[in-house]
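Asks: Dropping in model00.txt, which is compact mmCIF, C-alpha atoms:
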```
# COMPACT_ATOMS: atom_id res chain seq x y z
CA MET S 1 0.00 0.00 0.00
CA LYS S 2 2.85 2.43 0.85
CA LYS S 3 4.50 1.85 -2.54
CA TYR S 4 1.21 2.61 -4.27
CA ILE S 5 0.84 5.94 -2.38
CA LYS S 6 4.46 6.87 -3.15
CA LYS S 7 3.88 6.21 -6.86
CA ILE S 8 0.71 8.32 -6.90
CA PHE S 9 2.47 11.15 -5.03
CA ALA S 10 5.50 11.03 -7.35
CA SER S 11 3.25 11.03 -10.45
CA ALA S 12 1.23 13.98 -9.12
CA LEU S 13 4.43 15.89 -8.39
CA VAL S 14 5.75 15.28 -11.93
CA VAL S 15 2.46 16.45 -13.47
CA LEU S 16 2.39 19.56 -11.25
CA MET S 17 5.99 20.48 -12.18
CA ALA S 18 5.27 19.96 -15.90
CA VAL S 19 2.22 22.26 -15.71
CA LEU S 20 4.11 24.95 -13.81
CA PHE S 21 7.14 24.97 -16.10
CA SER S 22 5.23 24.64 -19.37
CA SER S 23 3.10 27.70 -18.64
CA ALA S 24 6.01 29.86 -17.43
CA GLN S 25 7.19 31.50 -20.66
CA ASP S 26 8.80 34.61 -19.28
CA TYR S 27 11.25 35.24 -22.10
CA LEU S 28 10.82 35.69 -25.85
CA TRP S 29 13.27 32.87 -26.62
CA GLN S 30 10.98 30.44 -24.75
CA GLU S 31 8.04 31.12 -27.04
CA PRO S 32 7.63 29.10 -30.25
CA GLN S 33 8.66 30.98 -33.38
CA ALA S 34 7.39 28.32 -35.81
CA THR S 35 4.70 25.69 -36.24
CA ILE S 36 4.74 22.35 -38.01
CA THR S 37 2.07 21.81 -40.68
CA GLU S 38 0.25 18.51 -41.26
CA THR S 39 2.66 17.72 -44.09
CA GLY S 40 5.69 18.26 -41.82
CA ALA S 41 6.74 21.62 -43.23
CA VAL S 42 8.06 24.31 -40.90
CA LEU S 43 6.00 27.50 -40.95
CA TRP S 44 8.07 30.33 -39.45
CA LYS S 45 6.18 32.93 -37.42
CA PRO S 46 8.79 35.08 -35.70
CA GLU S 47 7.59 38.13 -33.82
CA ALA S 48 8.47 41.51 -35.26
CA PHE S 49 11.65 43.08 -33.88
CA PRO S 50 10.71 45.58 -31.16
CA ASP S 51 12.28 48.76 -32.50
CA ASP S 52 10.92 51.07 -29.80
CA LEU S 53 13.42 52.39 -27.25
CA THR S 54 10.87 54.47 -25.34
CA GLY S 55 11.31 54.34 -21.57
CA GLN S 56 14.69 52.61 -21.67
CA GLU S 57 18.04 53.95 -20.45
CA VAL S 58 19.85 53.96 -23.78
CA ARG S 59 23.55 54.28 -24.63
CA TYR S 60 24.74 54.51 -28.25
CA ILE S 61 27.84 52.80 -29.66
CA ASP S 62 29.49 53.55 -33.01
CA TYR S 63 32.81 51.73 -33.36
CA GLU S 64 33.85 53.73 -36.43
CA ASN S 65 33.07 57.30 -35.30
CA GLY S 66 32.38 57.10 -31.56
CA ASN S 67 34.54 58.41 -28.74
CA ASP S 68 34.60 56.90 -25.25
CA SER S 69 34.83 60.42 -23.78
CA ASN S 70 31.35 61.22 -25.17
CA ASP S 71 28.30 60.77 -22.95
CA GLY S 72 26.81 58.02 -25.17
CA LEU S 73 23.30 59.41 -24.66
CA THR S 74 22.48 60.25 -28.30
CA PRO S 75 23.37 59.01 -31.79
CA GLU S 76 25.32 62.28 -32.17
CA THR S 77 27.50 61.54 -29.08
CA PRO S 78 28.13 57.76 -29.20
CA TRP S 79 30.89 55.79 -27.53
CA LYS S 80 33.40 53.77 -29.53
CA HIS S 81 33.36 50.81 -27.11
CA HIS S 82 30.79 48.98 -25.06
CA PRO S 83 31.53 49.24 -21.29
CA TRP S 84 32.20 45.47 -21.16
CA ASP S 85 34.99 45.78 -23.72
CA TYR S 86 38.40 45.86 -22.00
CA ASN S 87 39.47 48.52 -24.50
CA ALA S 88 36.77 50.91 -23.27
CA THR S 89 38.02 54.10 -21.61
CA GLY S 90 36.55 57.26 -20.10
CA ASN S 91 32.77 57.51 -19.79
CA ALA S 92 32.18 54.24 -21.64
CA ARG S 93 34.36 52.29 -19.19
CA ALA S 94 32.76 53.94 -16.15
CA GLU S 95 29.18 53.05 -17.19
CA SER S 96 27.34 50.30 -15.32
CA GLY S 97 23.81 49.15 -14.68
CA ALA S 98 21.00 47.66 -16.71
CA ARG S 99 20.96 49.66 -19.93
CA THR S 100 19.95 49.24 -23.55
CA TYR S 101 23.10 49.46 -25.67
CA VAL S 102 22.33 50.41 -29.28
CA PHE S 103 24.99 49.50 -31.85
CA LYS S 104 24.98 51.54 -35.06
CA ARG S 105 23.76 49.58 -38.06
CA GLY S 106 26.18 49.08 -40.92
CA VAL S 107 29.19 49.26 -38.58
CA PHE S 108 31.49 46.37 -37.62
CA TYR S 109 32.09 46.36 -33.87
CA ARG S 110 35.59 44.91 -33.48
CA GLY S 111 35.98 44.07 -29.84
CA GLN S 112 35.37 41.45 -27.22
CA LEU S 113 32.63 41.85 -24.63
CA PHE S 114 33.00 40.27 -21.21
CA ALA S 115 29.78 40.61 -19.20
CA ARG S 116 30.44 42.25 -15.85
CA GLU S 117 26.83 42.46 -14.72
CA SER S 118 23.32 41.34 -15.53
CA GLY S 119 19.91 42.90 -15.48
CA THR S 120 16.58 41.61 -14.22
CA LYS S 121 13.41 40.47 -15.95
CA GLU S 122 11.92 43.92 -15.36
CA GLN S 123 15.07 45.80 -16.41
CA PRO S 124 17.30 43.63 -18.63
CA VAL S 125 20.61 44.52 -20.22
CA ARG S 126 19.94 44.73 -23.97
CA LEU S 127 22.38 44.74 -26.87
CA THR S 128 20.45 45.86 -29.92
CA SER S 129 20.22 48.17 -32.94
CA THR S 130 17.49 50.41 -34.29
CA SER S 131 16.31 51.15 -37.82
CA ALA S 132 16.48 54.85 -36.94
CA TRP S 133 20.31 54.77 -36.74
CA GLY S 134 22.43 53.44 -39.58
CA VAL S 135 21.72 51.18 -42.55
CA GLY S 136 21.86 47.39 -42.72
CA GLU S 137 22.67 45.40 -39.60
CA ALA S 138 24.90 46.06 -36.62
CA ILE S 139 27.70 43.49 -36.74
CA LEU S 140 29.62 42.36 -33.67
CA VAL S 141 32.58 40.39 -34.96
CA GLY S 142 34.98 40.26 -32.01
CA SER S 143 37.95 40.68 -34.27
CA VAL S 144 40.75 43.07 -35.07
CA GLN S 145 40.98 44.85 -38.40
CA LEU S 146 44.14 43.77 -40.19
CA PRO S 147 46.53 46.36 -41.56
CA LYS S 148 46.15 47.18 -45.23
CA THR S 149 49.87 46.91 -46.04
CA TRP S 150 50.72 43.46 -47.36
CA VAL S 151 54.24 42.64 -48.56
CA LYS S 152 55.78 39.78 -50.47
CA ALA S 153 57.18 37.07 -48.21
CA THR S 154 60.60 37.77 -49.73
CA ASN S 155 60.61 41.18 -47.97
CA GLU S 156 63.44 41.61 -45.42
CA ASN S 157 60.87 42.25 -42.65
CA ILE S 158 59.31 38.79 -42.97
CA GLN S 159 60.88 36.20 -40.71
CA MET S 160 61.85 32.75 -42.01
CA PRO S 161 60.66 32.94 -45.63
CA ASP S 162 62.90 29.90 -46.23
CA ARG S 163 60.13 27.79 -44.68
CA LEU S 164 57.94 28.58 -47.67
CA ALA S 165 58.27 26.53 -50.83
CA GLU S 166 57.71 29.57 -53.10
CA PRO S 167 57.99 32.75 -50.98
CA GLU S 168 57.75 34.97 -54.06
CA LYS S 169 54.13 33.79 -54.50
CA VAL S 170 53.12 34.54 -50.89
CA TRP S 171 51.92 37.84 -49.46
CA ALA S 172 52.25 38.48 -45.73
CA LEU S 173 51.47 40.86 -42.88
CA ASP S 174 53.66 41.77 -39.94
CA LEU S 175 51.15 41.06 -37.17
CA LYS S 176 53.65 41.80 -34.40
CA LYS S 177 53.10 45.52 -35.06
CA MET S 178 49.47 45.15 -33.98
CA ASP S 179 48.01 45.25 -30.48
CA TRP S 180 46.52 41.90 -31.44
CA TRP S 181 49.87 40.29 -30.66
CA ASN S 182 50.87 39.80 -27.06
CA ASN S 183 54.47 38.86 -26.21
CA GLY S 184 54.99 37.52 -29.72
CA ARG S 185 52.10 35.05 -29.46
CA PRO S 186 49.09 35.32 -31.75
CA GLY S 187 45.72 36.05 -30.25
CA TYR S 188 44.16 38.72 -28.14
CA ILE S 189 44.84 38.32 -24.44
CA ALA S 190 42.57 40.59 -22.44
CA VAL S 191 43.85 42.07 -19.22
CA GLU S 192 41.13 43.53 -17.03
CA LYS S 193 41.64 47.20 -16.26
CA GLU S 194 40.68 48.79 -12.98
CA ASN S 195 37.33 50.57 -12.99
```
Please render this file's structure as structure tokens.

Replies:
Amino acid sequence: MKKYIKKIFASALVVLMAVLFSSAQDYLWQEPQATITETGAVLWKPEAFPDDLTGQEVRYIDYENGNDSNDGLTPETPWKHHPWDYNATGNARAESGARTYVFKRGVFYRGQLFARESGTKEQPVRLTSTSAWGVGEAILVGSVQLPKTWVKATNENIQMPDRLAEPEKVWALDLKKMDWWNNGRPGYIAVEKEN
């Protein structure tokens, strides 16, 4: 009899948990964006992008023309870096709190973001763009723009061209001149700066 009661209790608990969790769709990513037709085809039904920034604490970021000394409060005074980017300085670096960060469309953001904080359901941290600022899409690539000066691998500045079978057919860059290199090793190594 005790085993029977335990099974009923366990089954009721599983059903209760399933009901509670299935109805709790608090975030957009939890809601279905497609349906399956009778023939098995996927019918996409994504919600329209919310392009309204009304009532949000907004900061603007334009990697090409921004300046971290700006206040970041308008498209005319954007920052270059997001506050979570270790390369941020000035007002951009000092910013904190749950904000909506608007990246200019049509601009490549070349940096790495390391989240230092989080928002809440009522006041989330948002990384977004708006159709009112820029053309195309905002692109976060987490990369470094390479220099435009390429040289033949036979150039005296290129180390060890003898390792190449036909160095006269190879073009190269001196990446050690970039901040991207750290102690002669490739890759970006972020060092956290003091706030």

Asks: What does the distance between CA of Val170 in chain S and CA of Lys152 in chain S come to in Å, to one decimal place?

Replies: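 Straight-line distance from CA of Val170 in chain S to CA of Lys152 in chain S works out to 5.9 Å.
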
Asks: Write out as an NGL selection string the residues lying within 7 Å of Tyr63 in chain S, counting only C-alpha atoms and excluding same-chain residues fewer than 5 positions away.

Replies: :S and (80-81 or 107-109)

Asks: Could you jot down the CA of Gly97 in chain S to CA of Gly119 in chain S separation for me, Å, one decimal place?

Replies: 7.4 Å

Asks: Nearest to Val102 in chain S: which of S:Pro124, S:Pro78, S:Pro32, S:Gly55 is it, counting all atoms listed in the file?

Replies: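 Residue with the minimum atom-to-atom distance to Val102 in chain S: S:Pro78.
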
Asks: Closest to Asp71 in chain S among S:Glu47, S:Glu117, S:Glu95, S:Glu31, using all atoms listed in the file?

Replies: S:Glu95

Asks: What is the CA of Lys121 in chain S to CA of Asp52 in chain S distance in Å?

Replies: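 CA of Lys121 in chain S sits 17.6 Å away from CA of Asp52 in chain S.
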
Asks: Would you mind listing what lies within 8 Å of Asn70 in chain S as a VMD selection string, with all atoms listed in the file counted and same-chain residues fewer than 5 positions away left out?

Replies: chain S and resid 77 to 79 91 to 92

Asks: Between S:Val135, S:Ala98, S:Leu164, S:Val58, which is the closest to Pro75 in chain S once you count all atoms listed in the file?

Replies: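 Nearest to Pro75 in chain S: S:Val58.
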
Asks: Of the residues S:Gly106, S:Val151, S:Leu73, S:Glu122, which is the one nearest to Gly136 in chain S, using all atoms listed in the file?

Replies: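 Using all atoms listed in the file, Gly136 in chain S sits closest to S:Gly106.
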
Asks: Name the closest residue to Lys169 in chain S among the candidates S:Thr149, S:Thr154, S:Thr74, S:Asn65; distances are taken between atoms, counting only C-alpha atoms.

Replies: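 With only C-alpha atoms as the atom set, the closest residue is S:Thr154.
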
Asks: Between S:Ala172, S:Ala165, S:Ala132, S:Leu140, single out the one closest to Asp51 in chain S, counting only C-alpha atoms.

Replies: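 Closest residue, counting only C-alpha atoms: S:Ala132.
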
Asks: Excluding same-chain residues fewer than 3 positions from Trp44 in chain S, what lies within 10 Å of it counting all atoms listed in the file, as JSON, numbers by chain?

Replies: {"S": [32, 33, 34, 35, 36, 41, 47]}

Asks: Neighbours of Arg116 in chain S within 10 Å (only C-alpha atoms; same-chain residues fewer than 3 positions away dropped), as an MDAnalysis selection string?

Replies: chainID S and resid 83:85 96:97 113
